[in-house]
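Asks: Dropping the structure in here first, questions after.
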Amino acid sequence: MGPVRRAPWGAEAAGRAPGGEGARSRAVVTAGAAAVRGDGAAPRASYASCVSVSENDEMGWGAGAATGIGSMPGEDAREAARTVTGSLERLPYLPELPARGPGADMIGRTAGMLVELYARVEPSGWRIGDHPGRDTRRARSWLGEDLDALEEYTQGYTGTLKVSAVGPWTLAAALELRGGEAMLSDPGACRDLVGSLAEGLRAHLADVRRRVPGARVVLQLDEPSLRAVLEGRVRSASGYRTHPAVDRVVVEGALREMCALHDGPVVVHCCAPGVPFGLLHRSGVAGVSFDFSLVTEREEEAIGEAVEGGLTLFAGVLPGTDPQSGPLSDPAGSVMGVRTLWRRLGLSPGTLAESVVVTPSCGLAGASPRYARAALDHCVRAATSLVDNPE
């Protein structure tokens, strides 16, 4: 295998059938897509010492980085922001708090970002409606609260910051049309959704940059249903059939559009088995976040080729909930499987810490607050061990 090319934030960077239900709003969405505080506690001050770089330089976290996936336990946005920024000084992220209820869950939160498409909560899930209602307003309010908390705890921050949203295919599988079927059942509705999501994400990213002006923003797209979409395993509303598989070219094209809307790195998180590393790499993402324990030998060649092509692996090596085995220990042991994979792929040990970011396997919403803090701290130590001892 040839030399590994690192993602742009690596060590070198430091110094949606015509006439379908969605047709009514397509012109608006397409045109738009073509254009486009707390208790008074003192903000975090430790970021003041972060090194700034010139406008012509790229900013990154360098080798041996760690981060989380997105969700955190509890309902306190300020506590979540404090935990994330305190544990992950090099690659913090905007936390999600689904325990607060509908609108704070990942589908509702992203639905609240959509432009000219509105969703409401039904017994079966989130369904597209004609106008924004209280569920949309609630989702936007929760997101605003989360951003307020993050802004407070990132005063003076000039590093890399990760924000996340549900990707177009998981969103299409989860959002229902007015008749109750998934948007995935209508190609025209899917196209509308892609355009609406792109426009909404542009606005969201601009807001993040305004609030944390010194940050280099990484966009994470959560796609846990991606494999099911590709294999035709998303079940219909009746549950007696499944929706046809979406053509891989169409899937890749939508993801490519998501990458094009952002001028920074885009990472796709997929915690299901059978992550399509090759498709994701071709779509232009800079990194893939996955549950490392689900990787099989059949996927190793695709992983190696993607890494050689510059893809960063966000390797989920810790459980997302409190383990029954007791407290976490041996950070270096947590990434031993990553080292072993590197050797099997014939990759240079010297590139390991630059090409791998250590994470939990999925979000931490189901964990205890104590474990969530410990897991993030553990990921940091495990990532450091890849620098100190890559072999």
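Starting from 1 in every chain, residues are counted up; chains themselves are A, B, ... following the order of the structure tokens, and ligands are numbered from 1 as listed.
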Which residues come within 10 Å of A:Arg100, counting only C-alpha atoms, excluding same-chain residues fewer than 5 positions away, as a list in words?
Replies: Pro73, Gly74, Glu75, Asp76, Ala77, Asp105 and Trp142 of chain A
Asks: In stretch 300-359 of chain A, what's alpha helix (DSSP H) per DSSP? Answer as a list in words?
Replies: Glu300, Glu301, Ala302, Ile303, Gly304, Glu305, Ala306, Val307, Glu308, Pro331, Ala332, Gly333, Ser334, Met336, Gly337, Val338, Arg339, Thr340, Leu341, Trp342, Arg343, Arg344, Leu352, Ala353, Glu354 and Ser355 of chain A
Asks: With C-alpha atoms retained, export the selected residues as an mmCIF file, in the first residue's frame.
Replies:
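File written: part17.cif
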```
data_model
loop_
_atom_site.group_PDB
_atom_site.id
_atom_site.type_symbol
_atom_site.label_atom_id
_atom_site.label_comp_id
_atom_site.auth_asym_id
_atom_site.auth_seq_id
_atom_site.Cartn_x
_atom_site.Cartn_y
_atom_site.Cartn_z
ATOM 1 C CA GLU A 300 -10.768 -4.425 6.066
ATOM 2 C CA GLU A 301 -9.645 -4.007 2.459
ATOM 3 C CA ALA A 302 -12.112 -1.161 1.908
ATOM 4 C CA ILE A 303 -10.927 0.459 5.117
ATOM 5 C CA GLY A 304 -7.307 0.223 4.060
ATOM 6 C CA GLU A 305 -7.978 1.716 0.635
ATOM 7 C CA ALA A 306 -9.986 4.551 2.165
ATOM 8 C CA VAL A 307 -7.267 5.333 4.697
ATOM 9 C CA GLU A 308 -4.675 5.371 1.942
ATOM 10 C CA PRO A 331 -6.647 3.156 27.827
ATOM 11 C CA ALA A 332 -3.927 1.637 25.673
ATOM 12 C CA GLY A 333 -5.743 -1.695 25.747
ATOM 13 C CA SER A 334 -8.898 -0.040 24.449
ATOM 14 C CA MET A 336 -5.172 -2.462 20.839
ATOM 15 C CA GLY A 337 -7.604 -3.672 18.169
ATOM 16 C CA VAL A 338 -6.897 -0.546 16.148
ATOM 17 C CA ARG A 339 -3.176 -1.195 16.304
ATOM 18 C CA THR A 340 -3.728 -4.806 15.254
ATOM 19 C CA LEU A 341 -5.843 -3.728 12.273
ATOM 20 C CA TRP A 342 -3.139 -1.278 11.248
ATOM 21 C CA ARG A 343 -0.548 -4.038 11.209
ATOM 22 C CA ARG A 344 -2.790 -6.389 9.197
ATOM 23 C CA LEU A 352 -1.799 5.657 13.059
ATOM 24 C CA ALA A 353 -2.269 8.527 15.493
ATOM 25 C CA GLU A 354 -2.784 10.981 12.635
ATOM 26 C CA SER A 355 -5.363 8.835 10.804
#
```
Asks: List the spatial neighbours of stretch 258-260 of chain A as a PDB file with N, CA and C atoms, in the first residue's frame - criterion: any atom at most 7 Å away, only C-alpha atoms, same-chain residues fewer than 6 positions off excluded.
Replies:
```
ATOM      1  N   ALA A 198     -29.884  20.748   3.196  1.00  0.00           N
ATOM      2  CA  ALA A 198     -28.673  21.501   2.844  1.00  0.00           C
ATOM      3  C   ALA A 198     -28.805  22.962   3.224  1.00  0.00           C
ATOM      4  N   VAL A 266     -16.260  17.047   6.590  1.00  0.00           N
ATOM      5  CA  VAL A 266     -17.537  16.385   6.858  1.00  0.00           C
ATOM      6  C   VAL A 266     -17.245  14.941   7.257  1.00  0.00           C
ATOM      7  N   GLY A 284     -16.872  11.974  -0.784  1.00  0.00           N
ATOM      8  CA  GLY A 284     -16.094  13.139  -0.413  1.00  0.00           C
ATOM      9  C   GLY A 284     -15.994  13.431   1.060  1.00  0.00           C
ATOM     10  N   VAL A 285     -16.453  12.521   1.909  1.00  0.00           N
ATOM     11  CA  VAL A 285     -16.337  12.791   3.338  1.00  0.00           C
ATOM     12  C   VAL A 285     -14.875  12.679   3.754  1.00  0.00           C
TER      13      VAL A 285
END
```
Asks: Can you tell me which residues surround A:Ser87 at a distance of at most 9 Å, considering only C-alpha atoms, apart from same-chain residues fewer than 5 positions away, and format the answer as a ChimeraX atom specification?
Replies: /A:67,82,92,373-374,376-377,380
Asks: Provide the atom CA of A:Glu252 to atom CA of A:Ala189 distance in Å, to one decimal place.
Replies: 16.9 Å
Asks: Using DSSP secondary structure from the backbone, list all strand (DSSP E) positions within stretch 193-370 of chain A, as an NGL selection string.
Replies: :A and (216-222 or 266-270 or 287-291 or 312-318 or 356-360)
Asks: What is the distance, in Å and to one decimal place, between atom CA of A:Tyr153 and atom CA of A:Ser289?
Replies: 25.1 Å
Asks: Could you check which of A:Pro98, A:Pro327, A:Gly316, A:Pro349 is closest to A:Cys379, using only C-alpha atoms?
Replies: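 Closest candidate: A:Gly316.
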Asks: Which residues, written as a list in words, have at least one atom at most 10 Å from A:Gly129, with only C-alpha atoms counted and residues fewer than 4 positions away on the same chain left out?
Replies: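 My list of contacting residues is Leu117, Tyr118, Ala119, Arg120, Val121, Gly133, Glu176, Leu177 and Arg178 of chain A.
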Asks: Give me a file of those residues, with all heavy atoms, as a compact mmCIF listing (two decimals), in the first residue's frame.
Replies:
```
# COMPACT_ATOMS: atom_id res chain seq x y z
N LEU A 117 -39.81 22.92 5.04
CA LEU A 117 -40.38 21.62 5.39
C LEU A 117 -40.51 21.60 6.91
O LEU A 117 -39.56 21.96 7.62
CB LEU A 117 -39.47 20.47 4.94
CG LEU A 117 -39.43 20.14 3.46
CD1 LEU A 117 -38.41 19.02 3.20
CD2 LEU A 117 -40.81 19.72 2.93
N TYR A 118 -41.67 21.17 7.40
CA TYR A 118 -41.93 21.22 8.83
C TYR A 118 -42.42 19.86 9.29
O TYR A 118 -43.11 19.15 8.56
CB TYR A 118 -42.98 22.30 9.15
CG TYR A 118 -42.66 23.62 8.50
CD1 TYR A 118 -43.39 24.06 7.39
CD2 TYR A 118 -41.62 24.42 8.97
CE1 TYR A 118 -43.09 25.27 6.77
CE2 TYR A 118 -41.32 25.63 8.36
CZ TYR A 118 -42.06 26.05 7.26
OH TYR A 118 -41.76 27.23 6.65
N ALA A 119 -42.08 19.51 10.51
CA ALA A 119 -42.46 18.20 11.04
C ALA A 119 -43.12 18.35 12.39
O ALA A 119 -42.85 19.28 13.14
CB ALA A 119 -41.21 17.31 11.16
N ARG A 120 -44.00 17.40 12.69
CA ARG A 120 -44.68 17.36 13.99
C ARG A 120 -44.62 15.93 14.51
O ARG A 120 -44.43 14.98 13.75
CB ARG A 120 -46.13 17.82 13.85
CG ARG A 120 -47.00 16.89 13.01
CD ARG A 120 -48.45 17.37 12.96
NE ARG A 120 -49.31 16.42 12.26
CZ ARG A 120 -49.52 16.42 10.95
NH1 ARG A 120 -48.94 17.34 10.19
NH2 ARG A 120 -50.31 15.52 10.39
N VAL A 121 -44.82 15.79 15.81
CA VAL A 121 -44.77 14.48 16.44
C VAL A 121 -46.13 13.79 16.34
O VAL A 121 -47.16 14.38 16.72
CB VAL A 121 -44.34 14.58 17.91
CG1 VAL A 121 -44.35 13.22 18.58
CG2 VAL A 121 -42.95 15.20 18.01
N GLY A 133 -45.25 24.06 13.76
CA GLY A 133 -46.08 24.01 14.95
C GLY A 133 -45.23 24.01 16.20
O GLY A 133 -44.04 24.33 16.18
N GLU A 176 -41.97 10.86 8.20
CA GLU A 176 -43.14 10.35 7.47
C GLU A 176 -43.77 11.43 6.61
O GLU A 176 -43.81 12.61 7.00
CB GLU A 176 -44.20 9.83 8.45
CG GLU A 176 -43.71 8.70 9.35
CD GLU A 176 -44.75 8.33 10.39
OE1 GLU A 176 -45.80 9.03 10.47
OE2 GLU A 176 -44.53 7.34 11.12
N LEU A 177 -44.27 11.02 5.43
CA LEU A 177 -45.12 11.89 4.63
C LEU A 177 -46.49 11.98 5.28
O LEU A 177 -46.79 11.29 6.26
CB LEU A 177 -45.24 11.33 3.21
CG LEU A 177 -43.92 11.26 2.42
CD1 LEU A 177 -44.11 10.43 1.16
CD2 LEU A 177 -43.42 12.65 2.08
N ARG A 178 -47.33 12.82 4.74
CA ARG A 178 -48.65 13.04 5.36
C ARG A 178 -49.49 11.77 5.43
O ARG A 178 -50.32 11.62 6.31
CB ARG A 178 -49.40 14.15 4.61
CG ARG A 178 -48.74 15.52 4.75
CD ARG A 178 -49.31 16.54 3.79
NE ARG A 178 -48.63 17.82 3.88
CZ ARG A 178 -47.50 18.12 3.26
NH1 ARG A 178 -46.91 17.20 2.50
NH2 ARG A 178 -46.95 19.30 3.39
```
Asks: Could you name the residues that touch stretch 210-218 of chain A at 6 Å or less, counting only C-alpha atoms, but leaving out those on the same chain fewer than 3 positions away, as a VMD selection string?
Replies: chain A and resid 151 157 to 162 207 264 to 266
Asks: Store the residues picked out above, limited to C-alpha atoms, as a short mmCIF file (atom, residue, chain, number, x, y, z; two decimals), in the first residue's frame.
Replies:
```cif
data_model
loop_
_atom_site.label_atom_id
_atom_site.label_comp_id
_atom_site.auth_asym_id
_atom_site.auth_seq_id
_atom_site.Cartn_x
_atom_site.Cartn_y
_atom_site.Cartn_z
CA GLU A 151 -20.95 29.54 23.23
CA TYR A 157 -11.61 28.94 21.53
CA THR A 158 -9.60 28.75 18.33
CA GLY A 159 -9.49 25.01 17.65
CA THR A 160 -11.65 22.46 15.88
CA LEU A 161 -15.31 22.11 16.87
CA LYS A 162 -17.70 19.34 15.78
CA ASP A 207 -24.77 30.41 13.40
CA GLY A 264 -14.71 22.31 6.31
CA PRO A 265 -14.41 18.58 6.95
CA VAL A 266 -17.54 16.39 6.86
#
```
Asks: Could you check the closest approach to A:Ser185 for each of A:Val246, A:Val288, A:Leu94, A:Leu205 and tell me which residue wins, using only C-alpha atoms?
Replies: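 For A:Ser185, the nearest of the candidates is A:Val246.
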Asks: Given only C-alpha atoms as the basis, pick out the residue of A:Ala237, A:Ala66, A:Leu201, A:Leu143 nearest to A:Gly103.
Replies: A:Leu143
Asks: Which residue, A:Gly287, A:Gly278, A:Gly200, A:Gly112, has the smallest gap to A:Leu261 when you use only C-alpha atoms?
Replies: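 Among A:Gly287, A:Gly278, A:Gly200, A:Gly112, it is A:Gly200 that comes nearest to A:Leu261.
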Asks: For atom CA of A:Glu391 and atom CA of A:Ser348, determine how far apart the two atoms are, in Å to one decimal place.
Replies: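 So the two atoms, atom CA of A:Glu391 and atom CA of A:Ser348, lie 9.4 Å apart.
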Asks: My list of candidates is A:Asp330, A:Arg381, A:Arg227, A:Pro323. Which is closest to A:Leu279 when distances are computed with only C-alpha atoms?
Replies: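 Counting only C-alpha atoms, the residue closest to A:Leu279 is A:Arg227.
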Asks: Go through A:Val357, A:Val267, A:Ala286, A:Leu364 and flag the residue nearest A:Leu91, using only C-alpha atoms for the distances.
Replies: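 Distance minimum relative to A:Leu91 lands on A:Val357.
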